[in-house]
Each structure stands twice: as C-alpha cells, then as structure tokens.
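**Q** Next up, model.cif (mmCIF, C-alpha atoms).
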```cif
data_target
loop_
_atom_site.label_atom_id
_atom_site.label_comp_id
_atom_site.auth_asym_id
_atom_site.auth_seq_id
_atom_site.Cartn_x
_atom_site.Cartn_y
_atom_site.Cartn_z
CA MET A 26 -20.10 -18.38 -7.26
CA VAL A 27 -16.93 -17.55 -9.20
CA CYS A 28 -14.88 -20.65 -9.88
CA GLU A 29 -12.14 -22.18 -12.03
CA LYS A 30 -14.15 -21.82 -15.26
CA ASP A 31 -13.76 -18.04 -15.33
CA PRO A 32 -10.96 -17.23 -17.88
CA LEU A 33 -9.35 -14.62 -15.61
CA VAL A 34 -9.41 -16.98 -12.65
CA GLN A 35 -7.93 -19.74 -14.81
CA LYS A 36 -5.05 -17.49 -15.83
CA VAL A 37 -4.41 -16.35 -12.25
CA CYS A 38 -4.38 -20.00 -11.08
CA GLU A 39 -1.92 -20.96 -13.82
CA LEU A 40 0.40 -18.13 -12.79
CA TYR A 41 0.03 -19.07 -9.13
CA GLU A 42 1.16 -22.63 -9.91
CA GLN A 43 4.22 -21.33 -11.75
CA ILE A 44 5.09 -18.74 -9.10
CA SER A 45 4.65 -21.16 -6.20
CA SER A 46 7.03 -23.62 -7.85
CA LEU A 47 9.90 -21.11 -8.02
CA GLU A 48 12.88 -21.85 -5.80
CA SER A 49 13.22 -18.18 -4.85
CA LEU A 50 11.19 -15.00 -5.27
CA LYS A 51 14.23 -12.74 -5.42
CA PRO A 52 14.44 -10.59 -8.57
CA CYS A 53 15.53 -12.58 -11.62
CA LYS A 54 14.29 -13.09 -15.17
CA ASP A 55 11.69 -15.77 -14.35
CA VAL A 56 10.38 -14.02 -11.22
CA ASN A 57 10.12 -10.68 -13.03
CA MET A 58 8.35 -12.23 -16.01
CA LEU A 59 5.75 -14.15 -13.97
CA PHE A 60 4.86 -11.26 -11.66
CA THR A 61 4.61 -8.87 -14.60
CA GLN A 62 2.21 -11.31 -16.28
CA LEU A 63 0.22 -11.52 -13.05
CA VAL A 64 -0.05 -7.73 -12.72
CA VAL A 65 -1.00 -7.32 -16.39
CA THR A 66 -3.68 -10.01 -15.97
CA CYS A 67 -5.20 -8.42 -12.87
CA MET A 68 -4.82 -4.74 -13.78
CA PRO A 69 -7.70 -4.12 -16.26
CA PRO A 70 -11.04 -3.11 -14.71
CA SER A 71 -12.96 -6.27 -13.84
CA PRO A 72 -16.41 -6.94 -12.37
CA ILE A 73 -15.07 -9.92 -10.43
CA ASP A 74 -15.97 -10.00 -6.73
CA VAL A 75 -13.36 -11.95 -4.81
CA THR A 76 -15.77 -12.45 -1.90
CA LYS A 77 -17.76 -14.76 -4.17
CA LEU A 78 -14.84 -17.01 -5.06
CA CYS A 79 -15.25 -20.68 -4.22
CA LYS A 80 -13.14 -21.93 -1.30
CA SER A 81 -10.36 -23.47 -3.38
CA ILE A 82 -9.82 -20.19 -5.24
CA GLN A 83 -10.05 -18.22 -1.98
CA ASP A 84 -7.21 -20.36 -0.64
CA ILE A 85 -5.14 -19.74 -3.76
CA ARG A 86 -5.82 -15.99 -3.51
CA CYS A 87 -4.62 -15.90 0.12
CA LYS A 88 -1.44 -17.78 -0.79
CA LEU A 89 -0.87 -15.59 -3.83
CA ILE A 90 -1.12 -12.38 -1.78
CA ARG A 91 1.55 -13.76 0.55
CA LEU A 92 3.78 -14.65 -2.40
CA CYS A 93 3.29 -11.16 -3.81
CA GLY A 94 4.23 -9.70 -0.44
CA GLU A 95 7.37 -11.82 -0.22
CA ALA A 96 8.40 -10.92 -3.77
CA GLU A 97 7.74 -7.24 -3.15
CA GLY A 98 9.93 -7.37 -0.05
CA HIS A 99 12.79 -8.94 -2.01
CA LEU A 100 12.38 -6.38 -4.80
CA GLU A 101 12.49 -3.44 -2.39
CA SER A 102 15.51 -4.85 -0.55
CA HIS A 103 17.29 -5.44 -3.85
CA PHE A 104 16.86 -1.87 -5.02
CA SER A 105 17.40 -0.34 -1.58
CA THR A 106 20.80 -2.04 -1.54
CA ILE A 107 21.63 -0.64 -4.98
CA LEU A 108 20.47 2.85 -4.02
CA GLY A 109 22.38 2.69 -0.75
CA SER A 110 25.62 2.29 -2.71
CA TYR A 111 25.30 5.83 -4.12
CA ASP A 112 26.61 8.89 -2.32
CA ASP A 113 23.20 10.56 -2.82
CA PRO A 114 20.65 7.72 -2.97
CA LEU A 115 17.63 10.00 -3.31
CA HIS A 116 18.99 11.38 -6.60
CA HIS A 117 18.69 7.93 -8.18
CA LEU A 118 15.23 6.76 -7.12
CA ASN A 119 14.15 6.47 -10.74
CA ILE A 120 16.17 3.27 -11.12
CA PHE A 121 13.39 1.54 -9.17
CA PRO A 122 11.15 0.17 -11.95
CA TYR A 123 7.90 1.25 -10.29
CA TYR A 124 9.03 4.66 -9.08
CA SER A 125 6.61 6.43 -11.46
CA ASN A 126 3.75 4.45 -9.91
CA TYR A 127 4.72 5.70 -6.46
CA LEU A 128 4.82 9.25 -7.77
CA LYS A 129 1.26 8.86 -9.07
CA LEU A 130 -0.01 7.08 -5.95
CA SER A 131 1.54 9.68 -3.63
CA GLN A 132 0.03 12.50 -5.68
CA LEU A 133 -3.34 10.77 -5.49
CA GLU A 134 -3.09 10.26 -1.74
CA PHE A 135 -1.98 13.85 -1.19
CA ASN A 136 -4.92 15.16 -3.26
CA ILE A 137 -7.37 13.03 -1.29
CA LEU A 138 -5.77 14.02 2.02
CA THR A 139 -5.99 17.75 1.33
CA LYS A 140 -9.70 17.45 0.54
CA HIS A 141 -10.37 16.22 4.05
CA CYS A 142 -8.07 18.29 6.27
CA SER A 143 -7.95 22.06 6.63
CA ASN A 144 -4.26 22.12 7.59
CA LEU A 145 -1.40 19.99 6.36
CA PRO A 146 -0.34 17.42 8.98
CA ALA A 147 2.60 18.23 11.21
CA LYS A 148 3.32 14.63 12.14
CA VAL A 149 2.57 11.48 10.13
CA ALA A 150 3.04 7.78 10.84
CA PHE A 151 3.59 5.23 8.09
CA VAL A 152 3.01 1.66 9.22
CA GLY A 153 4.88 -0.98 7.21
CA SER A 154 7.45 1.31 5.59
CA GLY A 155 9.88 -1.43 4.53
CA PRO A 156 13.45 -1.15 3.22
CA LEU A 157 12.43 1.28 0.45
CA PRO A 158 9.95 3.76 2.00
CA LEU A 159 9.07 5.50 -1.26
CA THR A 160 5.68 6.82 -0.16
CA SER A 161 7.20 8.63 2.82
CA ILE A 162 10.13 9.88 0.76
CA VAL A 163 7.95 11.18 -2.10
CA LEU A 164 5.38 12.79 0.19
CA ALA A 165 8.10 14.39 2.33
CA SER A 166 10.06 15.60 -0.72
CA PHE A 167 7.27 16.98 -2.90
CA HIS A 168 4.02 17.38 -0.98
CA LEU A 169 4.40 17.54 2.81
CA THR A 170 7.65 19.45 2.88
CA SER A 171 7.52 20.50 6.54
CA THR A 172 5.92 17.34 7.96
CA SER A 173 7.82 14.84 10.10
CA PHE A 174 7.42 11.18 9.12
CA HIS A 175 7.63 8.36 11.64
CA ASN A 176 8.09 5.08 9.79
CA TYR A 177 7.26 1.82 11.56
CA ASP A 178 8.48 -1.59 10.48
CA ILE A 179 8.86 -4.81 12.41
CA ASP A 180 12.09 -5.73 10.56
CA PRO A 181 15.25 -4.04 11.90
CA SER A 182 17.18 -4.73 8.68
CA ALA A 183 14.47 -2.98 6.65
CA ASN A 184 14.73 0.10 8.86
CA SER A 185 18.53 0.05 8.65
CA MET A 186 18.38 0.01 4.84
CA ALA A 187 15.73 2.72 4.77
CA LEU A 188 17.72 4.97 7.11
CA GLN A 189 20.75 4.62 4.82
CA LEU A 190 18.74 6.13 1.97
CA VAL A 191 17.86 9.38 3.76
CA SER A 192 20.84 9.83 6.09
CA SER A 193 22.82 11.88 3.58
CA ASP A 194 19.95 14.24 2.78
CA PRO A 195 20.15 17.37 4.97
CA ASP A 196 16.38 17.88 4.97
CA LEU A 197 14.83 14.39 5.11
CA SER A 198 17.39 13.13 7.62
CA GLN A 199 15.91 15.64 10.07
CA ARG A 200 12.27 14.84 9.32
CA MET A 201 12.21 11.07 8.81
CA PHE A 202 12.42 8.67 11.74
CA PHE A 203 12.42 4.88 11.78
CA HIS A 204 11.00 2.71 14.55
CA THR A 205 11.52 -1.03 14.76
CA SER A 206 8.25 -2.05 16.37
CA ASP A 207 5.14 -4.12 15.90
CA ILE A 208 2.39 -1.53 15.53
CA MET A 209 0.25 -3.60 17.91
CA ASP A 210 2.76 -2.67 20.64
CA ILE A 211 2.41 1.08 19.96
CA THR A 212 -0.34 2.63 22.06
CA ASN A 213 -0.29 6.18 23.41
CA ASP A 214 2.29 7.34 20.86
CA LEU A 215 -0.34 6.89 18.15
CA LYS A 216 -2.20 9.89 19.58
CA ASP A 217 0.66 12.14 18.38
CA TYR A 218 -0.07 11.66 14.67
CA ASP A 219 -2.41 13.76 12.54
CA VAL A 220 -2.42 11.07 9.85
CA VAL A 221 -1.60 7.37 9.93
CA PHE A 222 -0.85 5.52 6.69
CA LEU A 223 -1.32 1.75 6.70
CA ALA A 224 0.61 -0.09 3.99
CA ALA A 225 -1.30 -2.59 1.85
CA LEU A 226 0.66 -5.62 3.03
CA VAL A 227 0.46 -4.92 6.76
CA GLY A 228 -2.02 -7.61 7.74
CA MET A 229 -2.15 -9.91 4.72
CA ASP A 230 -5.23 -11.78 5.89
CA LYS A 231 -8.59 -10.26 6.80
CA GLU A 232 -8.44 -11.13 10.51
CA THR A 233 -5.00 -9.59 11.03
CA LYS A 234 -5.89 -6.48 9.04
CA VAL A 235 -9.07 -5.91 11.06
CA ARG A 236 -7.21 -6.46 14.34
CA ILE A 237 -4.67 -3.79 13.35
CA ILE A 238 -7.41 -1.36 12.31
CA ASP A 239 -9.22 -1.94 15.63
CA HIS A 240 -5.95 -1.21 17.46
CA LEU A 241 -5.51 2.04 15.54
CA ALA A 242 -9.13 2.97 16.28
CA GLU A 243 -8.47 2.49 19.99
CA TYR A 244 -5.31 4.59 20.22
CA MET A 245 -5.34 7.18 17.42
CA ALA A 246 -6.35 10.72 18.36
CA PRO A 247 -10.02 11.59 17.80
CA GLY A 248 -10.33 13.39 14.48
CA ALA A 249 -7.04 12.00 13.14
CA LEU A 250 -7.07 10.58 9.61
CA LEU A 251 -6.33 7.00 8.60
CA MET A 252 -5.24 6.31 5.02
CA LEU A 253 -5.30 2.70 3.89
CA ARG A 254 -4.51 0.90 0.67
CA SER A 255 -6.95 -1.65 -0.57
CA ALA A 256 -7.73 -3.41 -3.86
CA HIS A 257 -10.69 -3.64 -6.20
CA GLY A 258 -11.83 -6.17 -8.80
CA ALA A 259 -9.16 -8.59 -10.01
CA ARG A 260 -6.48 -6.51 -8.29
CA ALA A 261 -7.65 -8.19 -5.10
CA PHE A 262 -5.62 -11.22 -6.20
CA LEU A 263 -2.53 -9.07 -5.52
CA TYR A 264 -3.44 -7.19 -2.33
CA PRO A 265 -5.86 -7.55 0.60
CA VAL A 266 -9.22 -5.78 0.45
CA VAL A 267 -10.32 -3.34 3.16
CA ASP A 268 -14.11 -3.03 3.33
CA PRO A 269 -15.83 -0.02 4.93
CA CYS A 270 -17.32 -2.41 7.50
CA ASP A 271 -13.77 -3.20 8.67
CA LEU A 272 -13.30 0.38 9.86
CA ARG A 273 -15.03 0.26 13.22
CA GLY A 274 -14.61 3.51 15.12
CA PHE A 275 -13.91 5.45 11.91
CA GLU A 276 -16.01 7.60 9.61
CA VAL A 277 -15.25 6.58 6.02
CA LEU A 278 -14.71 9.75 3.97
CA SER A 279 -13.65 8.52 0.56
CA ILE A 280 -12.86 5.37 -1.42
CA PHE A 281 -10.93 5.76 -4.66
CA HIS A 282 -10.48 2.94 -7.19
CA PRO A 283 -7.84 3.77 -9.82
CA THR A 284 -8.03 1.89 -13.11
CA ASP A 285 -4.60 2.79 -14.46
CA GLU A 286 -1.23 1.33 -13.50
CA VAL A 287 -1.66 2.48 -9.89
CA ILE A 288 -2.79 -0.86 -8.46
CA ASN A 289 -4.01 0.06 -4.99
CA SER A 290 -7.33 1.60 -4.10
CA VAL A 291 -7.13 4.35 -1.50
CA VAL A 292 -9.43 4.59 1.52
CA ILE A 293 -9.43 7.58 3.87
CA ALA A 294 -11.30 7.60 7.19
CA ARG A 295 -11.49 9.83 10.24
CA LYS A 296 -11.29 8.62 13.84
CA ILE A 297 -14.69 9.36 15.33
CA PRO A 298 -14.54 11.57 18.45
CA ILE A 299 -15.43 9.73 21.66
CA THR A 300 -18.49 11.90 22.26
CA LYS A 301 -19.87 10.94 18.85
CA GLN A 302 -18.97 7.28 19.27
CA CYS A 303 -21.27 7.12 22.25
CA SER A 304 -24.18 8.84 20.52
CA VAL A 305 -26.99 7.25 18.58
CA GLU A 306 -25.86 9.04 15.42
CA TYR A 307 -22.33 7.69 15.68
CA PRO A 308 -22.40 4.10 16.96
CA LEU A 309 -19.08 2.34 17.49
CA ALA A 310 -19.07 1.09 13.93
CA PRO A 311 -17.90 2.34 10.56
CA THR A 312 -19.85 5.38 9.45
CA LYS A 313 -20.24 5.89 5.74
CA LEU A 314 -21.95 9.17 4.95
CA PRO A 315 -23.46 9.39 1.43
CA ASN A 316 -22.50 13.03 0.95
CA LYS A 317 -18.92 12.47 2.06
CA CYS A 318 -18.08 9.07 0.64
CA PHE A 319 -17.60 8.60 -3.06
CA ASP A 320 -16.09 6.10 -5.46
CA ILE A 321 -14.17 7.55 -8.39
CA GLU A 322 -12.96 5.62 -11.39
CA MET A 323 -9.84 6.98 -13.06
CA PHE A 324 -8.90 5.51 -16.42
CA ASN A 325 -5.67 5.57 -18.37
CA PRO A 326 -4.98 3.00 -21.11
CA LEU A 327 -2.57 0.30 -19.97
CA ASN A 328 0.89 0.87 -21.31
CA HIS A 329 2.32 -2.63 -21.62
CA VAL A 330 5.39 -1.31 -23.43
CA ASN A 331 6.37 0.71 -20.38
CA LEU A 332 5.84 -2.31 -18.13
CA LEU A 333 8.19 -4.36 -20.28
CA GLU A 334 10.73 -1.55 -20.40
CA GLU A 335 10.66 -1.34 -16.58
CA LEU A 336 11.17 -5.10 -16.41
CA ASP A 337 14.19 -4.87 -18.69
CA ILE A 338 15.74 -2.19 -16.46
CA GLU A 339 15.22 -4.40 -13.41
CA GLU A 340 16.83 -7.39 -15.12
CA GLN A 341 19.87 -5.33 -16.05
CA LEU A 342 20.34 -4.29 -12.42
CA SER A 343 19.71 -7.74 -10.89
#
```
Before anything else, please render the file you have as structure tokens.
**A**
Amino acid sequence: MVCEKDPLVQKVCELYEQISSLESLKPCKDVNMLFTQLVVTCMPPSPIDVTKLCKSIQDIRCKLIRLCGEAEGHLESHFSTILGSYDDPLHHLNIFPYYSNYLKLSQLEFNILTKHCSNLPAKVAFVGSGPLPLTSIVLASFHLTSTSFHNYDIDPSANSMALQLVSSDPDLSQRMFFHTSDIMDITNDLKDYDVVFLAALVGMDKETKVRIIDHLAEYMAPGALLMLRSAHGARAFLYPVVDPCDLRGFEVLSIFHPTDEVINSVVIARKIPITKQCSVEYPLAPTKLPNKCFDIEMFNPLNHVNLLEELDIEEQLS
C-alpha cells in the first residue's frame, strides 16, 4: 500500500495543500509556479501504482485531478481570448506555453492512428474540445488535411471562443464544426465518425469515464477507432487513468506511455463488429490481443529550463 511516507506522494500532497488554498486557479504567478512544480514532480518515469494508494491519498488524487482540470480550463480560456484578439489567430498559436507539447502529442497520435487504419479518416469527432482546441487544429492543419473535425463541448462559451480562432481561416473554417452538447446525448450521429477522440478530462472520475466509454461503444460504428488519453505512473496524479478493462466492446490495439514532456498516455481501440461481439472469440468485453497491443516507452531528458521559459512567457501575457 502506497501511503504518505513515499517522498513523491509527500511532495504531491504538499503541492495539493498549497494549490487547494489558492483563491483562484486563473493564470497568475503563484498558480503558474505551483502547477509547474506539480508537473515537474510527476513527470519523471515512476513505478508508482495509483491503484495501490491508501484511501486518503486516493481522495487527494481525485481532488487534485479536478483542480488540474479547472486550472487547465482557465489557462485555455485565457490564451484563447488573447489569440482571438489577432486578425489571424492561427498564426500566433506559439504564444500558448504548451503549444510544442501539443505538436508532439498530435504527431504521436497521428503516427499511432496511421498504423491501425488503411485510409485516413474522412470525419473525426473530438469530445471535450474546449476553448482552445489545439489537437483538432494541429491535426487538421498538418496531418489530416482533408478531414472534417466535429468538436463537442458542453460549454457554449468554450465553443464560441474556439470558433473565433478558426473563423478567419479559409480552410479550417470549412472543415471544423463545433457542437454544444453533452456527448451522452449524442447517439446515432456517432456512427458517422471514422475516429472519435476522447479528451483526458472528459470524465474526471472512473465511473463517469467508464459510462462515457460504454456510451461510445453502444453508438460508434463497428470498426471505428477510439483514441483516448490516459496517464501512467505518477502522471496519474494529473489525469485520470483508462485501463484496458474499461474498454468494453472495444479491441485494444495499442497503449503508448511517453516519458518525455508529453504527459498523456495514448490508447487506441477499435469498436468490435456486432457479429464478433456475439461470438465466443469476441465476448462483449475489452479484447487485448498480444500481437496487436504493445507498450512503448519513449524517453527524452526533461528540459526544466524550457518549462521555466514557458512559464515566464505565460506570466508576461497574464
């Protein structure tokens, strides 16, 4: 049982106490400093298994993930507002301090996607796109240049801000669409998508995440791909973990655990055809085939200088 005596857990708990005592999680010097410390603490490869945390630490982890989600929302809104003030917002995306991380994550997801589909998707859904839909923008701009992207977010203000970013671009304005909906209310329309991306912070607790995945399994087209973001090791203090057993009705194809500054793990799964779901070989449960599912560790030394430089840029703009 992992408990308070573990040095990493002690540090995370100290940071949680400081973060939870803040009056606001909107970008400012103190918020930026504490979350940077938290990310730097949790980023190095760690053997810690968050499922073995004692209950008090489990509770802190759940609260911390929610605080991270709230802070991330404020950060994206802050920079979406700044970007929206430019005549050509997409020409200034590099002012977002973690833009380079999104470039790397999108490249990673595109590489994984192309390994498991013979043709590039014509129509993609991104669930939980937020006010700064960088994954959709980067994929649409550099990788899936003829694909249409349907972005779903429950917050109308987030969609309004996101739409402002692409409305002046002659290409993306024709290929990116924004829907203000709870994904649990979307049923038959899900069958239209070749690939569905599920953002890391859609379903911040295990029960909600599994309920959303079950909903996608019910309504996605057989053979369609689901790409999810998860977390591994100490990074699970920042984001929810998606286990292969959570993917009922899907065949797990690949799980990728980066160890560089890209925080999220990437999971890709295929919706099992109905005929196979009903067979003995493909029960209505997650299928993890040894010859198709692999874990890859990718290592780049942490560059703390760059993290601090990014923080300084953010402070100047806040």
**Q** Might you spell out which residues the PyMOL selection byres ((chain A and resi 238) around 12) would select in the displayed file, as a PyMOL selection string?
**A** chain A and resi 152+208-209+221-224+227-228+231-237+239-245+251-253+267-275+294+296+311
**Q** Under the PyMOL selection byres ((chain A and resi 260) around 8), which residues of this model are included? Write them out as a ChimeraX atom specification.
**A** /A:64,67-68,256-259,261-264,288-289
**Q** Only C-alpha atoms, please: the residues just picked out, written as a PDB file, in the coordinates of the input.
**A**
```
ATOM      1  CA  VAL A  64      -0.050  -7.730 -12.720  1.00  0.00           C
ATOM      2  CA  CYS A  67      -5.200  -8.420 -12.870  1.00  0.00           C
ATOM      3  CA  MET A  68      -4.820  -4.740 -13.780  1.00  0.00           C
ATOM      4  CA  ALA A 256      -7.730  -3.410  -3.860  1.00  0.00           C
ATOM      5  CA  HIS A 257     -10.690  -3.640  -6.200  1.00  0.00           C
ATOM      6  CA  GLY A 258     -11.830  -6.170  -8.800  1.00  0.00           C
ATOM      7  CA  ALA A 259      -9.160  -8.590 -10.010  1.00  0.00           C
ATOM      8  CA  ALA A 261      -7.650  -8.190  -5.100  1.00  0.00           C
ATOM      9  CA  PHE A 262      -5.620 -11.220  -6.200  1.00  0.00           C
ATOM     10  CA  LEU A 263      -2.530  -9.070  -5.520  1.00  0.00           C
ATOM     11  CA  TYR A 264      -3.440  -7.190  -2.330  1.00  0.00           C
ATOM     12  CA  ILE A 288      -2.790  -0.860  -8.460  1.00  0.00           C
ATOM     13  CA  ASN A 289      -4.010   0.060  -4.990  1.00  0.00           C
TER      14      ASN A 289
END
```
**Q** Apply the PyMOL selection byres ((chain A and resi 164) around 10) to the structure shown and report the selected residues as a list of chain:residue names.
**A**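 Taken over the shown coordinates, the PyMOL selection byres ((chain A and resi 164) around 10) returns A:Tyr127, A:Leu128, A:Leu130, A:Ser131, A:Gln132, A:Glu134, A:Phe135, A:Leu159, A:Thr160, A:Ser161, A:Ile162, A:Val163, A:Ala165, A:Ser166, A:Phe167, A:His168, A:Leu169, A:Thr170, A:Thr172, A:Phe174.
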**Q** Find the residue from A:Thr66, A:Ser173, A:Tyr41, A:Lys140 that sits nearest to Ser198 in chain A; use all atoms listed in the file when measuring.
**A**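 When distances to Ser198 in chain A are compared using all atoms listed in the file, the smallest one comes from A:Ser173.
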**Q** Output as CSV one row per residue of range 234-309 of chain A within 10 Å of range 103-126 of chain A: the closest atom pair and its distance in Å to one decimal place, counting all atoms listed in the file, sorted by chain and residue number ascending.
**A**
```
residue,atom,partner,partner_atom,distance
A:Asp285,CA,A:Asn126,CA,9.7
A:Glu286,CA,A:Asn126,CA,6.9
A:Val287,CA,A:Asn126,CA,5.8
A:Ile288,CA,A:Asn126,CA,8.5
```
**Q** Between CA of Ala225 in chain A and CA of Pro72 in chain A, what is the spacing in Å?
**A** 21.2 Å
**Q** Determine the nearest neighbour of Pro146 in chain A from the options A:Ile44, A:Glu101, A:Gln35, A:Tyr218, counting all atoms listed in the file.
**A**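 Of A:Ile44, A:Glu101, A:Gln35, A:Tyr218, the one nearest Pro146 in chain A, counting all atoms listed in the file, is A:Tyr218.
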**Q** CA of Leu50 in chain A and CA of Val65 in chain A are how many Å apart?
**A** 18.2 Å
**Q** If you measure from CA of Val291 in chain A to CA of Ala147 in chain A, what distance in Å do you get, rounded to one decimal?
**A**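 Computing it gives 21.2 Å between the two atoms.
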**Q** Rank nothing, just name the residue among A:Ser290, A:Met229, A:Glu276, A:Tyr177 nearest to Ser255 in chain A, using all atoms listed in the file.
**A**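 Result for the nearest residue to Ser255 in chain A: A:Ser290.
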